[in-house]
Each structure stands twice: as structure tokens, then as C-alpha cells.
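protein_13.txt (compact mmCIF, N, CA and C atoms) appears below.
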# COMPACT_ATOMS: atom_id res chain seq x y z
N MET S 59 -13.90 8.79 1.57
CA MET S 59 -13.64 7.41 1.20
C MET S 59 -13.81 6.55 2.45
N SER S 60 -14.55 5.49 2.32
CA SER S 60 -14.74 4.59 3.45
C SER S 60 -13.46 3.78 3.70
N PRO S 61 -13.29 3.23 4.88
CA PRO S 61 -12.13 2.37 5.13
C PRO S 61 -12.06 1.19 4.15
N GLN S 62 -13.20 0.64 3.81
CA GLN S 62 -13.24 -0.48 2.85
C GLN S 62 -12.71 -0.02 1.49
N GLU S 63 -13.14 1.16 1.04
CA GLU S 63 -12.66 1.71 -0.23
C GLU S 63 -11.17 2.02 -0.15
N ALA S 64 -10.73 2.52 0.98
CA ALA S 64 -9.30 2.81 1.17
C ALA S 64 -8.48 1.54 1.06
N MET S 65 -8.97 0.48 1.68
CA MET S 65 -8.27 -0.81 1.62
C MET S 65 -8.19 -1.30 0.17
N GLU S 66 -9.27 -1.20 -0.56
CA GLU S 66 -9.28 -1.65 -1.96
C GLU S 66 -8.34 -0.81 -2.81
N CYS S 67 -8.32 0.49 -2.57
CA CYS S 67 -7.44 1.39 -3.32
C CYS S 67 -5.97 1.04 -3.07
N ILE S 68 -5.62 0.85 -1.81
CA ILE S 68 -4.24 0.50 -1.48
C ILE S 68 -3.89 -0.86 -2.06
N ASN S 69 -4.81 -1.79 -1.99
CA ASN S 69 -4.52 -3.13 -2.51
C ASN S 69 -4.25 -3.09 -4.01
N THR S 70 -5.00 -2.29 -4.74
CA THR S 70 -4.75 -2.13 -6.18
C THR S 70 -3.38 -1.49 -6.41
N THR S 71 -3.04 -0.51 -5.62
CA THR S 71 -1.73 0.13 -5.73
C THR S 71 -0.62 -0.88 -5.45
N LEU S 72 -0.85 -1.75 -4.49
CA LEU S 72 0.16 -2.76 -4.16
C LEU S 72 0.35 -3.77 -5.29
N ALA S 73 -0.67 -3.95 -6.12
CA ALA S 73 -0.50 -4.82 -7.30
C ALA S 73 0.57 -4.23 -8.22
N HIS S 74 0.60 -2.91 -8.32
CA HIS S 74 1.63 -2.24 -9.13
C HIS S 74 3.01 -2.40 -8.47
N ALA S 75 3.04 -2.24 -7.15
CA ALA S 75 4.31 -2.41 -6.42
C ALA S 75 4.82 -3.84 -6.59
N TRP S 76 3.89 -4.80 -6.64
CA TRP S 76 4.29 -6.20 -6.82
C TRP S 76 5.02 -6.39 -8.15
N MET S 77 4.61 -5.66 -9.17
CA MET S 77 5.28 -5.78 -10.47
C MET S 77 6.69 -5.20 -10.41
N VAL S 78 6.88 -4.13 -9.65
CA VAL S 78 8.23 -3.59 -9.43
C VAL S 78 9.06 -4.64 -8.71
N ARG S 79 8.48 -5.23 -7.69
CA ARG S 79 9.16 -6.28 -6.93
C ARG S 79 9.59 -7.42 -7.85
N ASN S 80 8.67 -7.86 -8.69
CA ASN S 80 8.96 -8.97 -9.59
C ASN S 80 10.10 -8.62 -10.56
N PHE S 81 10.06 -7.41 -11.09
CA PHE S 81 11.14 -6.97 -11.97
C PHE S 81 12.48 -7.01 -11.25
N LEU S 82 12.53 -6.43 -10.05
CA LEU S 82 13.80 -6.37 -9.32
C LEU S 82 14.28 -7.74 -8.87
N LYS S 83 13.35 -8.59 -8.48
CA LYS S 83 13.72 -9.92 -8.02
C LYS S 83 14.46 -10.69 -9.10
N HIS S 84 14.08 -10.48 -10.35
CA HIS S 84 14.67 -11.24 -11.45
C HIS S 84 15.71 -10.47 -12.25
N ALA S 85 15.99 -9.23 -11.87
CA ALA S 85 16.99 -8.43 -12.60
C ALA S 85 18.40 -8.90 -12.23
N GLU S 86 19.14 -9.31 -13.23
CA GLU S 86 20.51 -9.78 -13.01
C GLU S 86 21.39 -8.71 -12.38
N GLU S 87 21.12 -7.45 -12.72
CA GLU S 87 21.96 -6.35 -12.26
C GLU S 87 21.96 -6.19 -10.74
N VAL S 88 20.95 -6.67 -10.05
CA VAL S 88 20.88 -6.47 -8.60
C VAL S 88 21.26 -7.70 -7.79
N GLN S 89 21.51 -8.81 -8.44
CA GLN S 89 21.71 -10.07 -7.73
C GLN S 89 22.92 -10.07 -6.79
N ASP S 90 23.92 -9.25 -7.06
CA ASP S 90 25.11 -9.20 -6.22
C ASP S 90 25.14 -7.96 -5.33
N ASP S 91 24.03 -7.25 -5.27
CA ASP S 91 23.95 -6.00 -4.51
C ASP S 91 22.94 -6.19 -3.37
N GLU S 92 23.46 -6.47 -2.20
CA GLU S 92 22.60 -6.80 -1.05
C GLU S 92 21.63 -5.66 -0.72
N GLU S 93 22.08 -4.42 -0.80
CA GLU S 93 21.17 -3.30 -0.50
C GLU S 93 20.03 -3.23 -1.51
N MET S 94 20.33 -3.45 -2.78
CA MET S 94 19.29 -3.42 -3.80
C MET S 94 18.35 -4.60 -3.66
N LEU S 95 18.85 -5.74 -3.23
CA LEU S 95 17.98 -6.90 -3.01
C LEU S 95 16.95 -6.63 -1.91
N GLU S 96 17.31 -5.76 -0.98
CA GLU S 96 16.38 -5.41 0.09
C GLU S 96 15.14 -4.69 -0.42
N VAL S 97 15.24 -4.04 -1.58
CA VAL S 97 14.09 -3.32 -2.13
C VAL S 97 12.96 -4.30 -2.43
N HIS S 98 13.25 -5.33 -3.19
CA HIS S 98 12.17 -6.28 -3.52
C HIS S 98 11.73 -7.06 -2.29
N ARG S 99 12.62 -7.28 -1.35
CA ARG S 99 12.22 -7.97 -0.11
C ARG S 99 11.28 -7.13 0.74
N MET S 100 11.54 -5.82 0.80
CA MET S 100 10.68 -4.93 1.59
C MET S 100 9.29 -4.83 0.96
N ILE S 101 9.23 -4.74 -0.36
CA ILE S 101 7.93 -4.70 -1.03
C ILE S 101 7.16 -5.98 -0.69
N PHE S 102 7.83 -7.11 -0.75
CA PHE S 102 7.22 -8.40 -0.40
C PHE S 102 6.71 -8.37 1.03
N ASP S 103 7.54 -7.92 1.97
CA ASP S 103 7.15 -7.87 3.38
C ASP S 103 5.93 -6.98 3.60
N TYR S 104 5.90 -5.84 2.94
CA TYR S 104 4.78 -4.90 3.09
C TYR S 104 3.48 -5.55 2.62
N ILE S 105 3.54 -6.15 1.45
CA ILE S 105 2.33 -6.78 0.89
C ILE S 105 1.89 -7.95 1.75
N ARG S 106 2.83 -8.76 2.19
CA ARG S 106 2.46 -9.91 3.03
C ARG S 106 1.94 -9.48 4.39
N ALA S 107 2.35 -8.33 4.88
CA ALA S 107 1.87 -7.83 6.18
C ALA S 107 0.39 -7.49 6.13
N VAL S 108 -0.08 -6.99 5.00
CA VAL S 108 -1.50 -6.59 4.90
C VAL S 108 -2.38 -7.70 4.33
N GLU S 109 -1.78 -8.69 3.73
CA GLU S 109 -2.54 -9.72 3.01
C GLU S 109 -3.57 -10.47 3.87
N PRO S 110 -3.22 -10.95 5.06
CA PRO S 110 -4.23 -11.68 5.83
C PRO S 110 -5.47 -10.83 6.15
N SER S 111 -5.26 -9.59 6.50
CA SER S 111 -6.41 -8.73 6.81
C SER S 111 -7.22 -8.43 5.55
N TYR S 112 -6.57 -8.37 4.40
CA TYR S 112 -7.30 -8.17 3.15
C TYR S 112 -8.17 -9.41 2.87
N GLN S 113 -7.61 -10.57 3.08
CA GLN S 113 -8.37 -11.80 2.83
C GLN S 113 -9.59 -11.90 3.74
N ARG S 114 -9.48 -11.38 4.95
CA ARG S 114 -10.62 -11.37 5.89
C ARG S 114 -11.54 -10.18 5.65
N LYS S 115 -11.11 -9.26 4.78
CA LYS S 115 -11.84 -8.00 4.52
C LYS S 115 -11.97 -7.17 5.79
N ASP S 116 -10.91 -7.19 6.59
CA ASP S 116 -10.84 -6.43 7.84
C ASP S 116 -10.12 -5.12 7.55
N ALA S 117 -10.89 -4.11 7.15
CA ALA S 117 -10.30 -2.83 6.73
C ALA S 117 -9.54 -2.16 7.87
N ARG S 118 -10.06 -2.25 9.08
CA ARG S 118 -9.38 -1.60 10.21
C ARG S 118 -7.97 -2.15 10.40
N GLU S 119 -7.86 -3.46 10.43
CA GLU S 119 -6.55 -4.09 10.61
C GLU S 119 -5.64 -3.83 9.41
N TYR S 120 -6.20 -3.89 8.22
CA TYR S 120 -5.44 -3.65 6.99
C TYR S 120 -4.81 -2.26 7.03
N LEU S 121 -5.62 -1.25 7.32
CA LEU S 121 -5.12 0.12 7.34
C LEU S 121 -4.11 0.33 8.46
N ARG S 122 -4.32 -0.32 9.60
CA ARG S 122 -3.37 -0.23 10.71
C ARG S 122 -2.02 -0.81 10.30
N ARG S 123 -2.05 -1.96 9.67
CA ARG S 123 -0.80 -2.60 9.23
C ARG S 123 -0.13 -1.79 8.12
N ALA S 124 -0.94 -1.29 7.18
CA ALA S 124 -0.38 -0.47 6.09
C ALA S 124 0.31 0.76 6.66
N GLU S 125 -0.31 1.37 7.65
CA GLU S 125 0.27 2.56 8.29
C GLU S 125 1.55 2.19 9.05
N GLY S 126 1.53 1.08 9.75
CA GLY S 126 2.67 0.67 10.55
C GLY S 126 3.91 0.36 9.74
N LYS S 127 3.73 -0.22 8.57
CA LYS S 127 4.86 -0.58 7.71
C LYS S 127 5.28 0.55 6.77
N LEU S 128 4.50 1.63 6.76
CA LEU S 128 4.76 2.72 5.81
C LEU S 128 6.15 3.34 5.92
N PRO S 129 6.68 3.61 7.12
CA PRO S 129 8.03 4.20 7.18
C PRO S 129 9.10 3.37 6.49
N LYS S 130 9.02 2.04 6.63
CA LYS S 130 10.01 1.18 5.96
C LYS S 130 9.84 1.21 4.45
N LEU S 131 8.59 1.20 4.00
CA LEU S 131 8.35 1.29 2.56
C LEU S 131 8.84 2.62 2.02
N ARG S 132 8.62 3.69 2.76
CA ARG S 132 9.08 5.02 2.34
C ARG S 132 10.60 5.05 2.21
N ARG S 133 11.30 4.55 3.23
CA ARG S 133 12.77 4.52 3.17
C ARG S 133 13.26 3.71 1.97
N THR S 134 12.60 2.59 1.72
CA THR S 134 12.99 1.73 0.61
C THR S 134 12.76 2.41 -0.73
N ALA S 135 11.60 3.04 -0.90
CA ALA S 135 11.29 3.73 -2.16
C ALA S 135 12.26 4.89 -2.38
N GLU S 136 12.56 5.63 -1.32
CA GLU S 136 13.50 6.75 -1.44
C GLU S 136 14.90 6.25 -1.78
N TYR S 137 15.30 5.16 -1.15
CA TYR S 137 16.61 4.58 -1.46
C TYR S 137 16.68 4.16 -2.93
N PHE S 138 15.65 3.46 -3.40
CA PHE S 138 15.65 2.97 -4.78
C PHE S 138 15.63 4.14 -5.77
N ALA S 139 14.86 5.16 -5.49
CA ALA S 139 14.80 6.33 -6.38
C ALA S 139 16.17 7.00 -6.46
N ARG S 140 16.88 7.02 -5.35
CA ARG S 140 18.18 7.68 -5.28
C ARG S 140 19.30 6.82 -5.88
N GLU S 141 19.22 5.51 -5.74
CA GLU S 141 20.35 4.62 -6.06
C GLU S 141 20.18 3.75 -7.30
N HIS S 142 19.03 3.74 -7.94
CA HIS S 142 18.84 2.80 -9.04
C HIS S 142 19.83 3.00 -10.19
N LYS S 143 20.27 4.22 -10.41
CA LYS S 143 21.21 4.48 -11.52
C LYS S 143 22.58 3.89 -11.24
N ARG S 144 22.89 3.69 -9.98
CA ARG S 144 24.16 3.06 -9.62
C ARG S 144 24.21 1.62 -10.15
N VAL S 145 23.05 0.99 -10.19
CA VAL S 145 22.95 -0.39 -10.65
C VAL S 145 22.82 -0.46 -12.16
N SER S 146 21.96 0.40 -12.70
CA SER S 146 21.74 0.42 -14.14
C SER S 146 21.06 1.72 -14.54
N GLY S 147 21.49 2.25 -15.67
CA GLY S 147 20.85 3.44 -16.21
C GLY S 147 19.73 3.11 -17.17
N HIS S 148 19.40 1.84 -17.28
CA HIS S 148 18.37 1.41 -18.22
C HIS S 148 17.01 1.99 -17.83
N THR S 149 16.22 2.27 -18.83
CA THR S 149 14.89 2.83 -18.62
C THR S 149 14.03 1.95 -17.72
N ASN S 150 14.20 0.63 -17.79
CA ASN S 150 13.41 -0.26 -16.92
C ASN S 150 13.62 0.07 -15.45
N PHE S 151 14.86 0.35 -15.07
CA PHE S 151 15.14 0.69 -13.67
C PHE S 151 14.59 2.06 -13.32
N GLU S 152 14.72 3.00 -14.24
CA GLU S 152 14.18 4.34 -14.01
C GLU S 152 12.65 4.28 -13.82
N MET S 153 11.98 3.55 -14.69
CA MET S 153 10.52 3.46 -14.60
C MET S 153 10.09 2.68 -13.35
N ALA S 154 10.86 1.70 -12.96
CA ALA S 154 10.56 0.96 -11.73
C ALA S 154 10.66 1.89 -10.52
N ALA S 155 11.66 2.77 -10.52
CA ALA S 155 11.82 3.73 -9.42
C ALA S 155 10.66 4.72 -9.41
N VAL S 156 10.27 5.21 -10.57
CA VAL S 156 9.14 6.14 -10.66
C VAL S 156 7.86 5.44 -10.20
N SER S 157 7.69 4.21 -10.62
CA SER S 157 6.49 3.44 -10.26
C SER S 157 6.41 3.21 -8.75
N LEU S 158 7.51 2.79 -8.15
CA LEU S 158 7.50 2.55 -6.71
C LEU S 158 7.25 3.84 -5.93
N SER S 159 7.85 4.94 -6.38
CA SER S 159 7.60 6.23 -5.73
C SER S 159 6.13 6.63 -5.87
N GLY S 160 5.55 6.37 -7.03
CA GLY S 160 4.14 6.66 -7.24
C GLY S 160 3.25 5.81 -6.36
N CYS S 161 3.59 4.57 -6.20
CA CYS S 161 2.83 3.68 -5.30
C CYS S 161 2.88 4.21 -3.87
N LEU S 162 4.05 4.60 -3.45
CA LEU S 162 4.22 5.15 -2.10
C LEU S 162 3.34 6.39 -1.92
N ARG S 163 3.38 7.31 -2.88
CA ARG S 163 2.56 8.53 -2.80
C ARG S 163 1.08 8.20 -2.69
N GLN S 164 0.62 7.26 -3.50
CA GLN S 164 -0.79 6.89 -3.49
C GLN S 164 -1.18 6.30 -2.13
N ILE S 165 -0.36 5.42 -1.60
CA ILE S 165 -0.65 4.82 -0.30
C ILE S 165 -0.67 5.90 0.78
N GLU S 166 0.31 6.80 0.75
CA GLU S 166 0.35 7.89 1.73
C GLU S 166 -0.91 8.75 1.66
N GLU S 167 -1.36 9.06 0.45
CA GLU S 167 -2.55 9.90 0.29
C GLU S 167 -3.79 9.20 0.82
N VAL S 168 -3.93 7.93 0.53
CA VAL S 168 -5.11 7.19 1.01
C VAL S 168 -5.08 7.10 2.53
N LEU S 169 -3.94 6.78 3.10
CA LEU S 169 -3.85 6.69 4.56
C LEU S 169 -4.09 8.05 5.21
N ALA S 170 -3.58 9.11 4.61
CA ALA S 170 -3.81 10.46 5.15
C ALA S 170 -5.29 10.80 5.11
N SER S 171 -5.99 10.40 4.08
CA SER S 171 -7.42 10.68 4.00
C SER S 171 -8.18 9.98 5.12
N GLN S 172 -7.70 8.85 5.53
CA GLN S 172 -8.36 8.12 6.62
C GLN S 172 -8.09 8.76 7.98
N ARG S 173 -6.95 9.40 8.11
CA ARG S 173 -6.64 10.09 9.38
C ARG S 173 -7.42 11.39 9.49
N LYS S 174 -7.74 12.02 8.37
CA LYS S 174 -8.40 13.33 8.37
C LYS S 174 -9.91 13.25 8.56
N GLU S 175 -10.53 12.20 8.05
CA GLU S 175 -11.99 12.10 8.11
C GLU S 175 -12.43 11.79 9.53
N PRO S 176 -13.35 12.59 10.07
CA PRO S 176 -13.88 12.26 11.39
C PRO S 176 -14.62 10.93 11.34
N ALA S 177 -14.50 10.17 12.39
CA ALA S 177 -15.12 8.85 12.43
C ALA S 177 -16.64 8.92 12.22
N SER S 178 -17.25 10.01 12.66
CA SER S 178 -18.69 10.14 12.51
C SER S 178 -19.11 10.29 11.05
N GLN S 179 -18.18 10.66 10.18
CA GLN S 179 -18.50 10.84 8.78
C GLN S 179 -18.11 9.63 7.94
N ARG S 180 -17.52 8.64 8.55
CA ARG S 180 -17.10 7.45 7.82
C ARG S 180 -18.01 6.29 8.17
N GLN S 181 -17.92 5.28 7.34
CA GLN S 181 -18.53 4.02 7.70
C GLN S 181 -17.64 3.41 8.77
N ASN S 182 -18.15 2.42 9.46
CA ASN S 182 -17.29 1.82 10.48
C ASN S 182 -16.09 1.17 9.82
N LEU S 183 -15.08 0.88 10.58
CA LEU S 183 -13.82 0.41 10.02
C LEU S 183 -13.90 -0.96 9.39
N ALA S 184 -14.95 -1.68 9.62
CA ALA S 184 -15.10 -2.97 8.95
C ALA S 184 -15.60 -2.78 7.53
N GLY S 185 -15.99 -1.55 7.20
CA GLY S 185 -16.38 -1.26 5.83
C GLY S 185 -17.86 -1.32 5.58
N SER S 186 -18.65 -1.54 6.60
CA SER S 186 -20.10 -1.55 6.41
C SER S 186 -20.71 -0.48 7.30
N GLU S 187 -21.90 -0.12 6.98
CA GLU S 187 -22.56 0.88 7.79
C GLU S 187 -22.84 0.31 9.16
N THR S 188 -23.11 1.19 10.11
CA THR S 188 -23.27 0.79 11.50
C THR S 188 -24.25 -0.36 11.66
N ASN S 189 -25.38 -0.28 11.03
CA ASN S 189 -26.38 -1.33 11.13
C ASN S 189 -26.93 -1.63 9.74
N PRO S 190 -26.17 -2.29 8.89
CA PRO S 190 -26.64 -2.50 7.53
C PRO S 190 -27.90 -3.35 7.51
N GLY S 191 -28.85 -2.92 6.73
CA GLY S 191 -30.07 -3.68 6.58
C GLY S 191 -31.04 -3.54 7.74
N ALA S 192 -30.64 -2.82 8.78
CA ALA S 192 -31.53 -2.67 9.93
C ALA S 192 -32.62 -1.68 9.58
N GLU S 193 -33.77 -1.93 10.13
CA GLU S 193 -34.89 -1.03 9.90
C GLU S 193 -34.64 0.26 10.66
N ASP S 194 -35.09 1.36 10.12
CA ASP S 194 -34.97 2.65 10.77
C ASP S 194 -35.82 2.63 12.02
N GLU S 195 -35.18 2.91 13.16
CA GLU S 195 -35.91 2.87 14.43
C GLU S 195 -36.95 3.97 14.53
N ASN S 196 -36.76 5.05 13.84
CA ASN S 196 -37.69 6.16 13.85
C ASN S 196 -38.17 6.44 12.44
N PRO S 197 -39.01 5.55 11.91
CA PRO S 197 -39.44 5.77 10.52
C PRO S 197 -40.25 7.03 10.39
N LYS S 198 -40.03 7.71 9.28
CA LYS S 198 -40.79 8.93 9.01
C LYS S 198 -42.08 8.53 8.32
N GLU S 199 -43.15 9.10 8.78
CA GLU S 199 -44.44 8.75 8.19
C GLU S 199 -44.97 9.87 7.38

Structure rendered as C-alpha cells:
Amino acid sequence: MSPQEAMECINTTLAHAWMVRNFLKHAEEVQDDEEMLEVHRMIFDYIRAVEPSYQRKDAREYLRRAEGKLPKLRRTAEYFAREHKRVSGHTNFEMAAVSLSGCLRQIEEVLASQRKEPASQRQNLAGSETNPGAEDENPKE
């Protein structure tokens, strides 16, 4: 997977996380629970951290920021998965916890794939080939 594809994959996953955030932000059950309020705030912070680089289509910066904020997102997802029943046993909370955990797993997998691929086998981090559209310097005749 190219860095550009990785960025797009993570961004799509973050759209799902945004829906969890939106649910929690408006859930009456969490309004008086400061720790639970931090869940939707952390999701917001993570998405906003990568947003400018996504808008510039700067895959290198996007992936760097996604990796840098990952430990906080992981702690938040683990906390929510562990504690959501304390706030409510409703299926909406259970599914939100499953969804956020799934988002985290997907992001981790995409980022891990970028660490494993040798740079020589990937496109450059901006998401385009080294010399797109350039003529082959050694054309085969």
C-alpha cells in the first residue's frame, strides 16, 4: 500500500470514529462524567491533528501525525471499551465501543504496514512515483 493509499484508508476509518465522537458528544449519559467526555475530545483532537496534512495531501506528514497521536487514541479506545457499561448498558454504547476499537485496529494495521514496507518498494511519501510523467532515461528499443 502506498503512503497515499494508507492516508486515504486511515481517513475513511476516521470518518467512522467521527460518528462515535458525535454520538458521545451528544449522549446525555456522559455529560456529567469528565473522564467519559475525554473520549469524544480525544477523537476530535486526533482527527484535527491529521486534518491539515490531509487537506494538503501530504501523506508523509499525515502518517507521522497519525503515528504520533496513536498512543493517546489507543488509551482512549481501551478506556471506553472497559468503562462504557459504567455509563450505560445500552446497545448504542456497546456498539460505539466496538466501533472505536475497530477503528483503532484498522489504523494500527495501516500504520504497521507502512513501517514494514521497505522504502524502495513504496512510492515516495508524497504519494506519487519518484518522477511521475518523466520519460524513461533508458528507453528500451

**Request:** Select from chain S everything DSSP, run on the backbone, classes as alpha helix (DSSP H), then give the selection as JSON, numbers by chain.
**Result:** {"S": [61, 62, 63, 64, 65, 66, 67, 68, 69, 70, 71, 72, 73, 74, 75, 76, 77, 78, 79, 80, 81, 82, 83, 84, 92, 93, 94, 95, 96, 97, 98, 99, 100, 101, 102, 103, 104, 105, 106, 107, 108, 109, 110, 111, 112, 113, 114, 117, 118, 119, 120, 121, 122, 123, 124, 125, 126, 127, 128, 129, 130, 131, 132, 133, 134, 135, 136, 137, 138, 139, 140, 141, 142, 143, 144, 145, 149, 150, 151, 152, 153, 154, 155, 156, 157, 158, 159, 160, 161, 162, 163, 164, 165, 166, 167, 168, 169, 170, 171, 172, 173, 174]}

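Distances from S:Val78, S:Val168, S:Ala107, S:Met65 to Ala154 in chain S were compared using only C-alpha atoms, and the smallest one belongs to S:Val78.
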
**Complete:** For Met100 in chain S, the closest of S:His84, S:Arg114, S:Arg173, S:Lys130 counting all atoms listed in the file is S:Lys130

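Distance check against Ala135 in chain S using all atoms listed in the file: of S:Pro61, S:Pro110, S:Gly147, S:Gly160, the minimum falls on S:Gly160.
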
**Message:** Between atom C of Asp90 in chain S and atom C of Leu131 in chain S, what distance in Å does the model show, to one decimal?
**Reply:** 20.8 Å

**Item:** Interatomic distance (Å, one decimal) between atom C of Ser171 in chain S and CA of Met59 in chain S
**Value:** 7.2 Å

**Prompt:** Between S:Ala64, S:Val97, S:Ile105, S:Cys161, which has the minimum distance to Tyr137 in chain S (counting only N, CA and C atoms)?
**Reply:** S:Val97

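Straight-line separation from atom C of Asp103 in chain S to atom C of Lys83 in chain S: 15.7 Å.
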
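Residues lying within 10 Å of Lys143 in chain S, counting only C-alpha atoms and ignoring same-chain neighbours fewer than 6 positions away, are Thr149, Phe151, Glu152 and Ala155 of chain S.
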
**Message:** Give me the residues near Phe81 in chain S as a ChimeraX atom specification, where near means some atom within 12 Å (using only C-alpha atoms) and where sequence neighbours in that chain fewer than 3 positions away do not count.
**Reply:** /S:74-78,84-89,95,97-99,101,150-155,157-158

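Between Met94 in chain S and the residues S:Leu82, S:Ala170, S:Val108, S:Val156, the shortest atom-to-atom distance, using only C-alpha atoms, involves S:Leu82.
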
**Option closest in space to Phe102 in chain S, from S:Leu169, S:Leu162, S:Leu72, S:Ala117 [counting only C-alpha atoms]** = S:Leu72
